[in-house]
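Asker: One structure, as structure tokens, below. Some questions next.
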Amino acid sequence: MNDSKNEVKIISYEPQYKEAFKALNEEWIKTFFVMEAGDYKLLDHPEEEILNKEGHIVFALLDGEAVGTCALVKTEDHPLTFELSKMAVSPKAQGKKLGYLLGKTLVEKARELNAEKVFLVTNSILIPAIKLYEKLGFIHTPVGHAEYDRADVRMELIFNT
């Protein structure tokens with residue numbers, strides 16, 4: 001059974017996937033919400049706003065096509081803190097645990113970098129996403145001030161240093 005169909009690979013950002021980073025997120029966000037200034041800032045300039053600031057972006061490739069993505073955005077140096085951001089999986093690839101694989105890859109990356117914590121913001125209507133984050137070890141924390149109008153849930157993962 002060496003069937004290469006449905007082969008999933010998680011890879012680090014490559015410039016050829018810049019458009020996919022934006023397209024996947026835009027498709028996902030517009031399904032439930034509206035795009036906000038904070039979205040465009042990251043999605044239009046992933047190199048400048050994420051990668052050049054010691055962040056990371058990964059993609060899930062299914063048969064060579066980028067069908068999922070997620071970013072780890074550095075928000076603070078002391079303590080080293082990242083935001084898990086811009087997770088999106090194409091509708092045609094949902095149900096393949098890609099969100100979990102993307103999230104797990106970046107949580108492991110944050111741990112390797114000796115981060116103290118990773119946080120994320122999401123919306124309470126996104127029950128499957130919240131369950132996924134809980135599975136990754138995130139716990140609910142007060143929302144406080146969030147960059148996005150749609151954010152009404154905040155979660156974080158604190159690493160035992």
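By convention in this document, the chains of the structure tokens carry letters A, B, ... by their order, each chain's residues are numbered from 1, and ligands are numbered from 1 in the order they are shown.
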Please return as number ranges by chain: the residues of chain A that backbone DSSP assigns to strand (DSSP E or B).
Answerer: A: 8-12, 56-62, 65-76, 81-89, 117-122, 139-141, 153-158
Asker: Those same residues - N, CA and C atoms - I'd like them written as a short mmCIF file (atom, residue, chain, number, x, y, z; two decimals), in the first residue's frame.
Answerer:
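Output file part.cif is given in full below:
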data_model
loop_
_atom_site.label_atom_id
_atom_site.label_comp_id
_atom_site.auth_asym_id
_atom_site.auth_seq_id
_atom_site.Cartn_x
_atom_site.Cartn_y
_atom_site.Cartn_z
N VAL A 8 0.62 13.97 3.26
CA VAL A 8 0.70 15.28 3.89
C VAL A 8 2.12 15.53 4.35
N LYS A 9 2.63 16.72 4.03
CA LYS A 9 3.94 17.13 4.51
C LYS A 9 3.81 18.49 5.16
N ILE A 10 4.47 18.66 6.30
CA ILE A 10 4.51 19.98 6.95
C ILE A 10 5.88 20.57 6.62
N ILE A 11 5.86 21.75 6.02
CA ILE A 11 7.12 22.39 5.62
C ILE A 11 7.19 23.81 6.16
N SER A 12 8.41 24.33 6.25
CA SER A 12 8.59 25.73 6.64
C SER A 12 8.30 26.64 5.47
N HIS A 56 7.79 32.35 12.70
CA HIS A 56 7.85 31.19 11.82
C HIS A 56 6.50 30.97 11.17
N ILE A 57 6.52 30.43 9.96
CA ILE A 57 5.29 30.07 9.26
C ILE A 57 5.49 28.67 8.70
N VAL A 58 4.48 27.84 8.86
CA VAL A 58 4.54 26.49 8.29
C VAL A 58 3.33 26.27 7.39
N PHE A 59 3.48 25.32 6.48
CA PHE A 59 2.41 24.94 5.57
C PHE A 59 2.21 23.44 5.62
N ALA A 60 0.96 23.04 5.40
CA ALA A 60 0.64 21.63 5.19
C ALA A 60 0.47 21.46 3.69
N LEU A 61 1.26 20.58 3.12
CA LEU A 61 1.14 20.28 1.70
C LEU A 61 0.44 18.94 1.54
N LEU A 62 -0.56 18.92 0.70
CA LEU A 62 -1.27 17.68 0.39
C LEU A 62 -1.03 17.43 -1.09
N GLU A 65 0.33 20.44 -2.81
CA GLU A 65 -0.41 21.70 -2.81
C GLU A 65 -0.56 22.22 -1.38
N ALA A 66 -0.32 23.52 -1.19
CA ALA A 66 -0.47 24.12 0.14
C ALA A 66 -1.96 24.20 0.48
N VAL A 67 -2.39 23.40 1.45
CA VAL A 67 -3.81 23.36 1.84
C VAL A 67 -4.03 23.80 3.29
N GLY A 68 -2.95 24.13 3.98
CA GLY A 68 -3.08 24.59 5.35
C GLY A 68 -1.86 25.40 5.73
N THR A 69 -2.03 26.29 6.71
CA THR A 69 -0.91 27.12 7.15
C THR A 69 -1.14 27.58 8.58
N CYS A 70 -0.07 28.01 9.22
CA CYS A 70 -0.16 28.56 10.57
C CYS A 70 1.13 29.33 10.83
N ALA A 71 1.02 30.37 11.67
CA ALA A 71 2.18 31.20 11.98
C ALA A 71 2.43 31.25 13.48
N LEU A 72 3.70 31.45 13.80
CA LEU A 72 4.14 31.67 15.17
C LEU A 72 4.73 33.08 15.16
N VAL A 73 4.04 34.01 15.79
CA VAL A 73 4.45 35.42 15.74
C VAL A 73 5.07 35.80 17.08
N LYS A 74 6.33 36.26 17.02
CA LYS A 74 6.99 36.66 18.27
C LYS A 74 6.39 37.98 18.76
N THR A 75 5.96 38.01 20.02
CA THR A 75 5.32 39.21 20.55
C THR A 75 6.13 39.86 21.66
N GLU A 76 7.04 39.10 22.27
CA GLU A 76 7.80 39.63 23.41
C GLU A 76 9.12 38.89 23.54
N THR A 81 7.78 35.19 24.25
CA THR A 81 6.36 34.89 24.05
C THR A 81 6.03 34.91 22.56
N PHE A 82 5.24 33.94 22.13
CA PHE A 82 4.78 33.88 20.75
C PHE A 82 3.27 33.82 20.72
N GLU A 83 2.71 34.29 19.61
CA GLU A 83 1.29 34.11 19.37
C GLU A 83 1.14 33.07 18.26
N LEU A 84 0.30 32.07 18.51
CA LEU A 84 -0.05 31.11 17.47
C LEU A 84 -1.15 31.80 16.67
N SER A 85 -0.90 32.03 15.39
CA SER A 85 -1.76 32.92 14.62
C SER A 85 -1.96 32.41 13.21
N LYS A 86 -3.02 32.89 12.60
CA LYS A 86 -3.24 32.65 11.17
C LYS A 86 -3.27 31.16 10.81
N MET A 87 -3.94 30.37 11.63
CA MET A 87 -4.12 28.96 11.27
C MET A 87 -5.31 28.87 10.32
N ALA A 88 -5.08 28.25 9.19
CA ALA A 88 -6.15 28.08 8.21
C ALA A 88 -5.94 26.78 7.45
N VAL A 89 -7.01 26.06 7.25
CA VAL A 89 -6.97 24.82 6.47
C VAL A 89 -8.08 24.91 5.43
N LYS A 117 5.95 31.12 26.84
CA LYS A 117 4.56 30.79 26.57
C LYS A 117 4.17 31.11 25.14
N VAL A 118 3.09 30.46 24.72
CA VAL A 118 2.46 30.72 23.43
C VAL A 118 1.01 31.02 23.75
N PHE A 119 0.48 32.08 23.15
CA PHE A 119 -0.93 32.39 23.37
C PHE A 119 -1.63 32.47 22.01
N LEU A 120 -2.93 32.49 22.04
CA LEU A 120 -3.70 32.66 20.82
C LEU A 120 -5.02 33.31 21.18
N VAL A 121 -5.63 33.93 20.18
CA VAL A 121 -6.99 34.43 20.36
C VAL A 121 -7.84 33.81 19.26
N THR A 122 -9.09 33.55 19.61
CA THR A 122 -10.00 32.94 18.66
C THR A 122 -11.41 33.41 19.00
N ILE A 139 -4.75 26.42 27.59
CA ILE A 139 -5.80 26.60 28.58
C ILE A 139 -6.42 27.99 28.41
N HIS A 140 -7.66 28.13 28.82
CA HIS A 140 -8.38 29.39 28.67
C HIS A 140 -7.88 30.43 29.67
N THR A 141 -7.71 31.66 29.20
CA THR A 141 -7.29 32.78 30.05
C THR A 141 -8.19 33.97 29.71
N VAL A 153 -12.06 34.82 22.77
CA VAL A 153 -11.47 33.71 23.52
C VAL A 153 -9.96 33.88 23.46
N ARG A 154 -9.30 33.74 24.60
CA ARG A 154 -7.84 33.77 24.63
C ARG A 154 -7.38 32.52 25.34
N MET A 155 -6.35 31.90 24.80
CA MET A 155 -5.82 30.69 25.40
C MET A 155 -4.30 30.79 25.42
N GLU A 156 -3.69 30.10 26.38
CA GLU A 156 -2.24 30.08 26.37
C GLU A 156 -1.69 28.73 26.81
N LEU A 157 -0.47 28.54 26.42
CA LEU A 157 0.28 27.33 26.75
C LEU A 157 1.55 27.81 27.40
N ILE A 158 1.74 27.46 28.65
CA ILE A 158 2.95 27.88 29.37
C ILE A 158 3.88 26.68 29.49
#
Asker: Per DSSP on the backbone, filter region 4-160 of chain A down to the residues in alpha helix (DSSP H) and report them as a ChimeraX atom specification.
Answerer: /A:18-32,37-44,46-49,98-112,127-135
Asker: Could you check which of A:Lys135, A:Gly95, A:Phe159, A:Glu147 is closest to Glu108 (chain A), using only C-alpha atoms?
Answerer: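 Among A:Lys135, A:Gly95, A:Phe159, A:Glu147, it is A:Phe159 that comes nearest to Glu108 (chain A).
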